[in-house]
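In what follows, a single structure is set out as structure tokens and then discussed.
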Amino acid sequence: MRRTHLRSRVLLLTGAFTLALFAIAFGLSWRARLVQQRWTRLIDTETRAVATLEELIRAQNGFRTRHLLEPSRYAVVAQLLDDPSLTRIDLGTLRARVKAFRTIIEEPAPNPDDALDTSGAIILEAQEVIAARKREIARQLPALERETSSMMSTGLALAWIVALLGFAAVQATLRKVVRPIEELSAAADRVAAGDLTARAPVAGDHEIATLGVAFNRMADELKARARTDDLTALPNFRAFRERIDAELERADRYPERFGILVLDLDRFKKYNDTHGHLAGNEALRRVAQTIRETVRAVDFPARYGGEEFAVVVPQVDAAALSAIAERIRANVERLPAPADGSPVTVSIGGALYPDDGADREALFRTADERLYEAKEAGRNRVVSGPPGRRRSA
């Protein structure tokens with residue numbers, strides 16, 4: 001399964017949100033600019049056009065009442081039609097009427113009635129244009145209000161979309177980053193408390209999954225070390241007890257026998273005193289190796305403690321248990337003496353489930369008692385059954 005790198009996820013989410021926010025800001029700015037342009041055109045341009053036309057009406061009325069016989073003054077009125085606010089408006093009819101009015105007043109003997117009629121036509125036309133511009137304002141206002149409302153709704157919708165995307169990103173981060181880290185931390189707490197079966201889930205992004213794999217390997221190594229004797233590399237007393245408990249559970253489900261052997265090196269304290277502890281450690285390693293090579297593949301040898309060893313022997317009867325113990329004793333006796341040591345021997349006591357004990361403590365007690373019987377009988381021998389049917393050497 002290809003996993004995303006945490007750095008890639010952070011960069012991707014950051015980039016996605018940056019682009020989303022930039023797109024929203026750009027889109028809203030563009031919409032706001034369009035709305036502003038329309039409002040400017042409507043409020044500024046149309047309002048100034050109406051104001052200019054109203055000023056033209058006032059100037060036309062003033063010229064008609066006070067300066068009708070002074071044609072040169074009319075140029076001021078006519079210039080109002082060239083105001084920039086009127087460039088977007090069709091003023092063809094109004095311009096034609098203004099031109100006709102100028103023609104009348106510039107005659108050598110202008111007809112007052114014609115001048116008054118034409119001036120009135122100019123005012124009416126200007127008023128009609130003003131009314132048309134006001135209707136245009138009234139027409140565009142609802143559309144502008146709808147567009148403004150739409151822009152606000154769009155912005156709100158986009159904000160909700162970003163919020164939902166953010167929530168989804170948070171959930172993904174919780175699932176891919178936070179929860180695996182929490183589970184990894186919980187597994188670490190369990191291991192620290194002594195539960196070496198705790199394992200972290202291999203989940204989340206690449207770095208977290210890699211950390212989970214490394215943690216599980218470490219936990220496996222710790223478990224192996226906690227169940228392994230450092231000197232002999234055999235399983236230790238803890239592992240041995242777990243194996244006996246497992247054999248007892250299996251024997252309860254499937255009626256069968258299994259045995260245990262308890263082995264002790266003979267006169268090991270004297271060996272250490274004579275040859276030193278380094279030589280004693282080497283003797284323990286050589287005996288452990290011999291036991292491992294002698295027992296069957298299904299058997300479970302362990303270092304019981306000090307110079308003592310033990311073996312769980314599943315699916316065995318009394319005769320087979322004694323035979324396996326005797327092979328171990330003989331092979332240890334045949335070990336050549338090292339240059340810095342001397343030959344070693346072992347005494348072995350054996351017990352069979354359920355004949356010699358119905359639980360772990362009873363089996364150990366019986367095997368241990370028989371071990372001491374072997375010691376008292378001269379050492380370097382096996383005692384694995386009750387008097388009358390035991391074998392010893």
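We label chains A, B, ... in the order they appear in the structure tokens, count residues from 1 in each chain, and number ligands from 1 in the order shown.
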
Need to verify the contact set: region 65-79 of chain A, 10 Å, only C-alpha atoms, exclusion of same-chain residues closer than 5 positions in sequence. Can you return it as a PDB file with C-alpha atoms, in the first residue's frame?
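Wrote out.pdb, looks like this:
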```pdb
ATOM      1  CA  GLU A  55     -29.532  72.450 -15.797  1.00  0.00           C
ATOM      2  CA  LEU A  56     -30.112  72.685 -19.558  1.00  0.00           C
ATOM      3  CA  ILE A  57     -33.865  73.115 -18.920  1.00  0.00           C
ATOM      4  CA  ARG A  58     -33.186  75.895 -16.423  1.00  0.00           C
ATOM      5  CA  ALA A  59     -30.762  77.601 -18.791  1.00  0.00           C
ATOM      6  CA  GLN A  60     -33.226  77.270 -21.684  1.00  0.00           C
ATOM      7  CA  ARG A  95     -29.770  68.429 -30.561  1.00  0.00           C
ATOM      8  CA  VAL A  98     -31.526  73.149 -30.140  1.00  0.00           C
ATOM      9  CA  LYS A  99     -30.082  73.703 -33.611  1.00  0.00           C
ATOM     10  CA  PHE A 101     -33.839  77.199 -31.976  1.00  0.00           C
ATOM     11  CA  ARG A 102     -30.422  78.764 -32.685  1.00  0.00           C
ATOM     12  CA  THR A 103     -31.367  79.215 -36.310  1.00  0.00           C
ATOM     13  CA  ILE A 104     -34.548  81.079 -35.309  1.00  0.00           C
ATOM     14  CA  ILE A 105     -32.898  83.440 -32.808  1.00  0.00           C
ATOM     15  CA  GLU A 106     -29.997  84.228 -35.150  1.00  0.00           C
ATOM     16  CA  GLU A 107     -32.328  85.564 -37.898  1.00  0.00           C
ATOM     17  CA  ALA A 109     -35.909  89.569 -37.289  1.00  0.00           C
ATOM     18  CA  PRO A 110     -36.694  86.402 -35.294  1.00  0.00           C
ATOM     19  CA  PRO A 112     -41.007  85.378 -31.099  1.00  0.00           C
ATOM     20  CA  ALA A 115     -38.806  80.901 -30.770  1.00  0.00           C
ATOM     21  CA  LEU A 116     -41.149  80.250 -27.885  1.00  0.00           C
TER      22      LEU A 116
END
```

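DSSP on the backbone gives helix (DSSP H, G or I) for these parts of region 294-340 of chain A: Thr294, Ala318, Ala319, Ala320, Leu321, Ser322, Ala323, Ile324, Ala325, Glu326, Arg327, Ile328, Arg329, Ala330, Asn331, Val332 and Glu333 of chain A.
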
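Taking CA of Ile161 (chain A) as the reference point, CA of Glu145 (chain A) is found at 24.0 Å.
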
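Between CA of Ala138 (chain A) and CA of Glu46 (chain A) the separation is 11.0 Å.
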
Which neighbours of Ala283 (chain A) fall inside 10 Å, counting only C-alpha atoms, when residues of the same chain fewer than 5 positions from it are skipped, and could you give them as an mmCIF file with C-alpha atoms, in the first residue's frame?
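Below is the file that was written, selection-v3.cif:
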```
data_model
loop_
_atom_site.group_PDB
_atom_site.id
_atom_site.type_symbol
_atom_site.label_atom_id
_atom_site.label_comp_id
_atom_site.auth_asym_id
_atom_site.auth_seq_id
_atom_site.Cartn_x
_atom_site.Cartn_y
_atom_site.Cartn_z
ATOM 1 C CA THR A 232 22.929 -19.272 26.833
ATOM 2 C CA LEU A 265 25.162 -29.057 36.782
ATOM 3 C CA PHE A 268 29.107 -26.163 39.735
ATOM 4 C CA TYR A 271 33.823 -25.585 39.178
ATOM 5 C CA ASN A 272 33.544 -21.808 39.389
ATOM 6 C CA HIS A 277 33.440 -17.488 36.496
ATOM 7 C CA LEU A 278 34.378 -17.013 32.846
ATOM 8 C CA ALA A 288 22.899 -25.297 26.876
ATOM 9 C CA GLN A 289 24.048 -26.003 23.335
ATOM 10 C CA GLU A 307 23.242 -23.629 36.817
ATOM 11 C CA LEU A 335 31.592 -33.152 26.258
ATOM 12 C CA ALA A 337 36.966 -30.643 28.736
ATOM 13 C CA PRO A 338 37.992 -27.157 27.527
ATOM 14 C CA GLY A 341 38.176 -26.087 32.493
ATOM 15 C CA SER A 342 37.267 -29.688 33.201
ATOM 16 C CA PRO A 343 34.496 -32.150 32.244
ATOM 17 C CA VAL A 344 31.010 -31.419 33.588
#
```

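Residue neighbourhood of region 291-302 of chain A, excluding near-sequence residues (fewer than 4 positions): A:Thr228, A:Asp229, A:Thr232, A:Ala233, A:Leu234, A:Pro235, A:Asn236, A:Phe237, A:Ala239, A:Phe240, A:Arg243, A:Leu261, A:Arg286, A:Val287, A:Phe309, A:Ala310, A:Val311, A:Val312, A:Val313, A:Pro314, A:Ile324, A:Ala325, A:Arg327, A:Ile328, A:Arg329, A:Asn331, A:Val332, at 9 Å, using only C-alpha atoms.
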
Would you write out those residues with N, CA and C atoms, as a PDB file, in the first residue's frame?
```pdb
ATOM      1  N   THR A 228      14.394 -14.465  26.744  1.00  0.00           N
ATOM      2  CA  THR A 228      15.608 -15.181  26.348  1.00  0.00           C
ATOM      3  C   THR A 228      16.726 -14.919  27.356  1.00  0.00           C
ATOM      4  N   ASP A 229      17.439 -15.966  27.717  1.00  0.00           N
ATOM      5  CA  ASP A 229      18.585 -15.829  28.601  1.00  0.00           C
ATOM      6  C   ASP A 229      19.777 -15.309  27.801  1.00  0.00           C
ATOM      7  N   THR A 232      23.033 -18.013  27.575  1.00  0.00           N
ATOM      8  CA  THR A 232      22.929 -19.272  26.833  1.00  0.00           C
ATOM      9  C   THR A 232      22.082 -19.176  25.567  1.00  0.00           C
ATOM     10  N   ALA A 233      21.357 -18.068  25.413  1.00  0.00           N
ATOM     11  CA  ALA A 233      20.432 -17.865  24.292  1.00  0.00           C
ATOM     12  C   ALA A 233      19.248 -18.827  24.317  1.00  0.00           C
ATOM     13  N   LEU A 234      19.073 -19.540  25.428  1.00  0.00           N
ATOM     14  CA  LEU A 234      17.883 -20.368  25.609  1.00  0.00           C
ATOM     15  C   LEU A 234      16.740 -19.502  26.145  1.00  0.00           C
ATOM     16  N   PRO A 235      15.491 -19.952  25.981  1.00  0.00           N
ATOM     17  CA  PRO A 235      14.395 -19.258  26.661  1.00  0.00           C
ATOM     18  C   PRO A 235      14.650 -19.225  28.169  1.00  0.00           C
ATOM     19  N   ASN A 236      14.179 -18.151  28.822  1.00  0.00           N
ATOM     20  CA  ASN A 236      14.423 -18.012  30.252  1.00  0.00           C
ATOM     21  C   ASN A 236      13.280 -18.598  31.083  1.00  0.00           C
ATOM     22  N   PHE A 237      13.349 -18.390  32.387  1.00  0.00           N
ATOM     23  CA  PHE A 237      12.365 -18.978  33.301  1.00  0.00           C
ATOM     24  C   PHE A 237      10.953 -18.482  32.982  1.00  0.00           C
ATOM     25  N   ALA A 239       9.697 -17.499  30.055  1.00  0.00           N
ATOM     26  CA  ALA A 239       9.199 -18.178  28.856  1.00  0.00           C
ATOM     27  C   ALA A 239       8.858 -19.633  29.160  1.00  0.00           C
ATOM     28  N   PHE A 240       9.672 -20.248  30.029  1.00  0.00           N
ATOM     29  CA  PHE A 240       9.430 -21.639  30.389  1.00  0.00           C
ATOM     30  C   PHE A 240       8.084 -21.803  31.106  1.00  0.00           C
ATOM     31  N   ARG A 243       5.293 -21.559  28.674  1.00  0.00           N
ATOM     32  CA  ARG A 243       5.143 -22.767  27.859  1.00  0.00           C
ATOM     33  C   ARG A 243       4.453 -23.875  28.647  1.00  0.00           C
ATOM     34  N   LEU A 261      11.587 -31.821  32.541  1.00  0.00           N
ATOM     35  CA  LEU A 261      12.879 -32.247  33.072  1.00  0.00           C
ATOM     36  C   LEU A 261      13.536 -31.045  33.740  1.00  0.00           C
ATOM     37  N   ARG A 286      28.066 -24.313  26.852  1.00  0.00           N
ATOM     38  CA  ARG A 286      28.284 -25.606  26.190  1.00  0.00           C
ATOM     39  C   ARG A 286      27.189 -26.603  26.569  1.00  0.00           C
ATOM     40  N   VAL A 287      26.789 -26.601  27.837  1.00  0.00           N
ATOM     41  CA  VAL A 287      25.709 -27.499  28.264  1.00  0.00           C
ATOM     42  C   VAL A 287      24.397 -27.088  27.588  1.00  0.00           C
ATOM     43  N   PHE A 309      18.755 -25.979  34.423  1.00  0.00           N
ATOM     44  CA  PHE A 309      18.045 -25.936  33.147  1.00  0.00           C
ATOM     45  C   PHE A 309      16.754 -26.741  33.294  1.00  0.00           C
ATOM     46  N   ALA A 310      15.840 -26.545  32.346  1.00  0.00           N
ATOM     47  CA  ALA A 310      14.586 -27.296  32.358  1.00  0.00           C
ATOM     48  C   ALA A 310      14.144 -27.513  30.919  1.00  0.00           C
ATOM     49  N   VAL A 311      13.354 -28.559  30.708  1.00  0.00           N
ATOM     50  CA  VAL A 311      12.862 -28.887  29.373  1.00  0.00           C
ATOM     51  C   VAL A 311      11.398 -29.279  29.488  1.00  0.00           C
ATOM     52  N   VAL A 312      10.557 -28.684  28.637  1.00  0.00           N
ATOM     53  CA  VAL A 312       9.171 -29.137  28.488  1.00  0.00           C
ATOM     54  C   VAL A 312       9.161 -30.159  27.352  1.00  0.00           C
ATOM     55  N   VAL A 313       8.616 -31.344  27.634  1.00  0.00           N
ATOM     56  CA  VAL A 313       8.643 -32.442  26.664  1.00  0.00           C
ATOM     57  C   VAL A 313       7.190 -32.820  26.353  1.00  0.00           C
ATOM     58  N   PRO A 314       6.592 -32.300  25.290  1.00  0.00           N
ATOM     59  CA  PRO A 314       5.181 -32.597  24.999  1.00  0.00           C
ATOM     60  C   PRO A 314       5.002 -33.979  24.365  1.00  0.00           C
ATOM     61  N   ILE A 324      14.842 -39.503  26.780  1.00  0.00           N
ATOM     62  CA  ILE A 324      15.334 -38.181  26.390  1.00  0.00           C
ATOM     63  C   ILE A 324      16.255 -37.621  27.460  1.00  0.00           C
ATOM     64  N   ALA A 325      15.867 -37.762  28.736  1.00  0.00           N
ATOM     65  CA  ALA A 325      16.713 -37.278  29.828  1.00  0.00           C
ATOM     66  C   ALA A 325      18.061 -37.989  29.825  1.00  0.00           C
ATOM     67  N   ARG A 327      19.636 -39.313  27.267  1.00  0.00           N
ATOM     68  CA  ARG A 327      20.464 -38.840  26.142  1.00  0.00           C
ATOM     69  C   ARG A 327      21.129 -37.506  26.493  1.00  0.00           C
ATOM     70  N   ILE A 328      20.365 -36.639  27.146  1.00  0.00           N
ATOM     71  CA  ILE A 328      20.951 -35.351  27.548  1.00  0.00           C
ATOM     72  C   ILE A 328      22.107 -35.585  28.509  1.00  0.00           C
ATOM     73  N   ARG A 329      21.883 -36.436  29.539  1.00  0.00           N
ATOM     74  CA  ARG A 329      22.929 -36.703  30.530  1.00  0.00           C
ATOM     75  C   ARG A 329      24.183 -37.263  29.887  1.00  0.00           C
ATOM     76  N   ASN A 331      25.169 -37.100  26.687  1.00  0.00           N
ATOM     77  CA  ASN A 331      25.836 -36.152  25.787  1.00  0.00           C
ATOM     78  C   ASN A 331      26.613 -35.096  26.563  1.00  0.00           C
ATOM     79  N   VAL A 332      26.065 -34.647  27.682  1.00  0.00           N
ATOM     80  CA  VAL A 332      26.801 -33.679  28.504  1.00  0.00           C
ATOM     81  C   VAL A 332      28.057 -34.336  29.074  1.00  0.00           C
TER      82      VAL A 332
END
```

Could you find all residues in region 271-357 of chain A that DSSP calls strand (DSSP E or B) from the backbone, and write them as a PyMOL selection string? chain A and resi 300-305+308-314+346-353

Any chance you could export the current selection's C-alpha atoms as a short mmCIF file (atom, residue, chain, number, x, y, z; two decimals), in the first residue's frame?
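Writing done, so here's part-v5.cif:
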```cif
data_model
loop_
_atom_site.label_atom_id
_atom_site.label_comp_id
_atom_site.auth_asym_id
_atom_site.auth_seq_id
_atom_site.Cartn_x
_atom_site.Cartn_y
_atom_site.Cartn_z
CA PHE A 300 11.22 -26.61 24.79
CA PRO A 301 14.56 -26.26 26.63
CA ALA A 302 15.17 -23.25 28.89
CA ARG A 303 17.61 -21.93 31.46
CA TYR A 304 15.75 -22.25 34.73
CA GLY A 305 18.22 -20.14 36.75
CA GLU A 308 19.76 -25.15 36.42
CA PHE A 309 18.05 -25.94 33.15
CA ALA A 310 14.59 -27.30 32.36
CA VAL A 311 12.86 -28.89 29.37
CA VAL A 312 9.17 -29.14 28.49
CA VAL A 313 8.64 -32.44 26.66
CA PRO A 314 5.18 -32.60 25.00
CA VAL A 346 24.37 -33.03 35.12
CA SER A 347 21.76 -34.56 37.36
CA ILE A 348 18.20 -34.70 36.03
CA GLY A 349 14.81 -35.06 37.65
CA GLY A 350 11.69 -35.71 35.59
CA ALA A 351 7.91 -35.54 36.11
CA LEU A 352 4.98 -36.53 33.92
CA TYR A 353 1.59 -34.84 33.63
#
```

Which polymer residues have any atom within 6 Å of an atom of Gly212 (chain A), counting only C-alpha atoms, with same-chain residues fewer than 3 positions away left out, as a ChimeraX atom specification? /A:200,202,209,215

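Nearest to Arg257 (chain A) of all the residues A:Gln171, A:Ser29, A:Gln315, A:Thr197 is A:Gln315, counting only C-alpha atoms.
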
In Å, rounded to a single decimal, give me how far CA of Arg360 (chain A) is from CA of Glu376 (chain A). 24.3 Å
